[in-house]
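See below for the structure under consideration.
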Amino acid sequence: MLGPSDSRVRRPHGVFFDGKTAQARPVSINVLSNGLQIYGERAQSHGAWSFEGLRAQPGLRSAEAQFMHEDHPDARLVITDSAVLARIGTVAPGALAGRGPRGGALRLVGMGVLIAALLAGIVFVILPRSAGVVADAIPRKWENEWGKGIAQKFAGKNKVCAGKSGRAAFDALTARLLGTEAVRNSGYKLTFTVIETKTQNAFATMGGQIVVFSKLIEEMKGPDELAGVLAHEIGHVTARHPLIGTIEATFTMMFASLFGGGSSDMGGGMASLGGVLAVTSYSRAKETDADETAARILNEAGITLDGLADFFARLQRAHKGTNSKALAVFSTHPALGERAAQLRKLGRAAGPTAPALTPAQWQALKGICG
């Protein structure tokens with residue numbers, strides 16, 4: 001219970017909201033030894049708020065404060081009289097804790113930093129680790145079906161290139177890559193599709209599906225470059241990067257939808273997500289992993305690593321900080337120069353090599369779309 005009044009203030013000191021209506025009622029405040037007595041017009045009592053359970057927040061103006069009480073969670077008391085606030089500060093200094101705009105702003109900034117750190121931890125640590133666990137639990141049959149759907153989606157919108165001599169040359173090149181230990185132990189049956197487009201690109205999707213755009217073949221300086229790019233994409237397949245990336249994207253979209261940042265409609269399924277990932281770069285760690293696998297594949301197949309290294313170096317010179325001339329699939333990949341140097345280093349330690357294709361086969365392959 002509140003004690004007797006220490007003073008009686010007989011003029012409005014602020015406004016009171018009872019939480020039941022939107023009406024703002026002018027009030028006078030009695031500051032007591034253990035709380036506040038709130039009076040309205042004609043000395044109508046709006047109740048007594050003890051200092052215990054009283055919380056203050058900054059008001060709209062620096063000279064006012066807004067009070068709430070745990071016993072009256074819907075009500076609000078806004079005190080605009082500086083003398084009353086000073087009296088409260090003298091009798092119960094703790095009641096004004098948190099009122100200062102600087103303290104409130106710092107708390108808001110601190111909360112923002114904490115929330116940002118938690119979100120970053122979820123997106124960059126928890127989700128990627130969880131994606132790997134989920135990927136291990138997904139049957140290969142499901143993954144293969146999803147991958148086929150994505151590859152067919154691209155093939156359905158473009159001409160599939162299947163010129164007889166060109167396709168024979170392409171199969172001869174991929175046969176050298178498919179005969180390596182990394183592919184044999186992957187558990188995947190890789191499928192290569194060449195489609196006719198005016199975009200330079202190549203990507204691997206789930207289930208061992210690799211799609212090559214005809215413009216990429218046209219722009220290659222030789223079969224060793226193409227062999228290197230294909231080996232790199234095979235590296236993504238053997239590490240299950242397309243599946244893991246799709247799961248990460250699914251988790252991220254679901255997480256974003258909780259905060260209103262994305263649609264909760266996941267009806268597009270894995271196939272639509274996989275289509276997005278077809279033009280999305282992997283992390284630096286995944287790119288390094290794919291490069292290392294590509295090096296092992298090319299070395300075992302007896303194909304020089306200089307082709308892939310030359311491709312990376314040429315790509316770096318081509319875009320010079322802009323994506324306008326770079327392949328969409330490689331333009332955002334990190335440290336192309338460093339990767340090229342590392343590939344040349346690995347290649348020097350390898351055994352003898354032979355061109356990926358003969359000149360005649362290469363010419364046939366470049367005409368695969370007719």
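Labeling convention for the structure tokens: chains A, B, ... as they appear, residues from 1 per chain, ligands from 1 in order of appearance.
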Can you tell me, as an NGL selection string, what residues are no more than 12 Å from Ile79 (chain A) when counting only C-alpha atoms, ignoring any on the same chain fewer than 5 positions away?
-> :A and (12-17 or 25-31 or 36 or 38 or 56-68 or 84-88 or 96 or 99)
Write the residues you've just listed into a file as a short mmCIF file (atom, residue, chain, number, x, y, z; two decimals), in the first residue's frame, and include C-alpha atoms for each of them.
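File produced: again_5.cif:
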```cif
data_model
loop_
_atom_site.label_atom_id
_atom_site.label_comp_id
_atom_site.auth_asym_id
_atom_site.auth_seq_id
_atom_site.Cartn_x
_atom_site.Cartn_y
_atom_site.Cartn_z
CA PRO A 12 -1.94 18.78 -14.72
CA HIS A 13 1.46 17.15 -14.89
CA GLY A 14 0.87 14.88 -17.86
CA VAL A 15 -1.60 12.52 -19.49
CA PHE A 16 -2.87 9.07 -18.61
CA PHE A 17 -4.00 6.25 -20.94
CA ARG A 25 -6.74 12.07 -19.81
CA PRO A 26 -4.95 15.07 -18.24
CA VAL A 27 -3.73 14.13 -14.78
CA SER A 28 -2.01 15.47 -11.70
CA ILE A 29 0.55 13.38 -9.87
CA ASN A 30 1.17 13.01 -6.15
CA VAL A 31 4.71 11.82 -5.51
CA LEU A 36 2.64 7.72 -7.41
CA ILE A 38 -2.70 9.59 -10.18
CA ALA A 56 10.35 4.44 -17.39
CA GLN A 57 11.10 5.00 -21.07
CA PRO A 58 12.02 8.16 -23.02
CA GLY A 59 9.06 10.24 -24.08
CA LEU A 60 8.56 11.89 -27.45
CA ARG A 61 10.35 15.00 -26.10
CA SER A 62 13.47 15.16 -23.98
CA ALA A 63 11.66 16.85 -21.04
CA GLU A 64 9.10 14.08 -20.57
CA ALA A 65 9.02 10.41 -19.61
CA GLN A 66 6.61 7.55 -20.27
CA PHE A 67 5.87 5.16 -17.41
CA MET A 68 4.46 1.65 -17.38
CA VAL A 84 7.49 16.13 -10.85
CA LEU A 85 10.18 14.15 -12.65
CA ALA A 86 12.81 15.76 -10.43
CA ARG A 87 10.77 14.83 -7.35
CA ILE A 88 10.54 11.20 -8.54
CA LEU A 96 13.87 6.74 -13.91
CA ARG A 99 14.55 7.08 -19.33
#
```
Mind checking which residues fall within 12 Å of Lys215 (chain A), counting only C-alpha atoms, ignoring those fewer than 4 positions away in the same chain, and posting them as a PyMOL selection string?
-> chain A and resi 161+194-202+219-220+226+327-328+366-369
Can you list, as an mmCIF file with N, CA and C atoms, in the first residue's frame, every protein, DNA or RNA residue that comes within 9 Å of Asp171 (chain A) when you count only C-alpha atoms, leaving out same-chain residues fewer than 5 positions away?
```
data_model
loop_
_atom_site.group_PDB
_atom_site.id
_atom_site.type_symbol
_atom_site.label_atom_id
_atom_site.label_comp_id
_atom_site.auth_asym_id
_atom_site.auth_seq_id
_atom_site.Cartn_x
_atom_site.Cartn_y
_atom_site.Cartn_z
ATOM 1 N N GLY A 166 30.240 -34.123 -83.468
ATOM 2 C CA GLY A 166 30.535 -33.265 -82.323
ATOM 3 C C GLY A 166 30.255 -33.970 -81.010
ATOM 4 N N ARG A 176 37.430 -39.707 -70.707
ATOM 5 C CA ARG A 176 38.709 -39.648 -69.998
ATOM 6 C C ARG A 176 38.521 -39.155 -68.565
ATOM 7 N N PHE A 192 26.030 -35.432 -69.149
ATOM 8 C CA PHE A 192 26.409 -34.135 -69.728
ATOM 9 C C PHE A 192 25.417 -33.761 -70.824
#
```
Near region 303-311 of chain A, within 7 Å and counting only C-alpha atoms, which residues show up once chain neighbours fewer than 4 positions away are dropped, as a ChimeraX atom specification?
-> /A:224-225,228-229,295,298-299,315,340,343-344,347,353-356
Go ahead and save the residues from that selection, with C-alpha atoms, as a CSV table (one decimal), in the first residue's frame.
```csv
chain,number,residue,atom,x,y,z
A,224,ASP,CA,42.2,-28.6,-72.4
A,225,GLU,CA,40.4,-25.5,-71.2
A,228,GLY,CA,39.4,-28.3,-67.0
A,229,VAL,CA,36.0,-26.6,-66.6
A,295,ALA,CA,43.4,-31.3,-60.4
A,298,LEU,CA,43.0,-34.1,-64.8
A,299,ASN,CA,46.2,-35.5,-63.5
A,315,LEU,CA,38.9,-14.7,-67.3
A,340,ALA,CA,45.5,-20.3,-61.6
A,343,LEU,CA,46.8,-25.2,-60.5
A,344,ARG,CA,50.1,-24.6,-62.4
A,347,GLY,CA,50.4,-29.5,-62.6
A,353,THR,CA,50.0,-35.4,-70.4
A,354,ALA,CA,48.4,-35.6,-73.8
A,355,PRO,CA,45.9,-33.1,-75.4
A,356,ALA,CA,42.3,-33.7,-74.3
```
Which of these, A:Leu54, A:Ala231, A:Val160, A:Ile247, has the shortest distance to Glu143 (chain A) once you count only C-alpha atoms?
-> A:Ile247
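The strand (DSSP E or B) portion of region 34-87 of chain A consists of Gly35, Leu36, Gln37, Ile38, Tyr39, Ser45, His46, Gly47, Ala48, Trp49, Ser50, Leu54, Arg55, Ala56, Gln57, Pro58, Ala65, Gln66, Phe67, Met68, His69, His72, Pro73, Asp74, Ala75, Arg76, Leu77, Val78 and Ile79 of chain A, with states taken from DSSP on the backbone.
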Please produce an output containing C-alpha atoms for each residue in the selection, written as a PDB file, in the first residue's frame.
```
ATOM      1  CA  GLY A  35       4.869   5.455  -5.348  1.00  0.00           C
ATOM      2  CA  LEU A  36       2.639   7.715  -7.415  1.00  0.00           C
ATOM      3  CA  GLN A  37      -0.990   8.695  -6.887  1.00  0.00           C
ATOM      4  CA  ILE A  38      -2.702   9.594 -10.183  1.00  0.00           C
ATOM      5  CA  TYR A  39      -5.615  12.043 -10.240  1.00  0.00           C
ATOM      6  CA  SER A  45      -8.454   8.791  -8.881  1.00  0.00           C
ATOM      7  CA  HIS A  46      -6.856   6.738 -11.641  1.00  0.00           C
ATOM      8  CA  GLY A  47      -5.096   4.535  -9.150  1.00  0.00           C
ATOM      9  CA  ALA A  48      -1.819   4.284  -7.289  1.00  0.00           C
ATOM     10  CA  TRP A  49       1.408   2.980  -8.879  1.00  0.00           C
ATOM     11  CA  SER A  50       4.083   1.779  -6.499  1.00  0.00           C
ATOM     12  CA  LEU A  54       7.426   0.923 -12.271  1.00  0.00           C
ATOM     13  CA  ARG A  55       9.404   1.240 -15.546  1.00  0.00           C
ATOM     14  CA  ALA A  56      10.353   4.436 -17.388  1.00  0.00           C
ATOM     15  CA  GLN A  57      11.104   5.001 -21.071  1.00  0.00           C
ATOM     16  CA  PRO A  58      12.021   8.155 -23.021  1.00  0.00           C
ATOM     17  CA  ALA A  65       9.017  10.410 -19.610  1.00  0.00           C
ATOM     18  CA  GLN A  66       6.613   7.555 -20.268  1.00  0.00           C
ATOM     19  CA  PHE A  67       5.871   5.161 -17.413  1.00  0.00           C
ATOM     20  CA  MET A  68       4.459   1.648 -17.382  1.00  0.00           C
ATOM     21  CA  HIS A  69       3.708  -0.641 -14.475  1.00  0.00           C
ATOM     22  CA  HIS A  72      -1.173  -2.355 -15.159  1.00  0.00           C
ATOM     23  CA  PRO A  73       0.436  -3.638 -18.390  1.00  0.00           C
ATOM     24  CA  ASP A  74      -1.986  -1.899 -20.770  1.00  0.00           C
ATOM     25  CA  ALA A  75      -1.908   1.539 -19.138  1.00  0.00           C
ATOM     26  CA  ARG A  76       0.569   4.344 -19.861  1.00  0.00           C
ATOM     27  CA  LEU A  77       1.433   7.453 -17.859  1.00  0.00           C
ATOM     28  CA  VAL A  78       3.261  10.295 -19.637  1.00  0.00           C
ATOM     29  CA  ILE A  79       4.698  12.902 -17.262  1.00  0.00           C
TER      30      ILE A  79
END
```
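Between CA of Ala285 (chain A) and CA of Phe203 (chain A) the interatomic distance comes to 17.3 Å.
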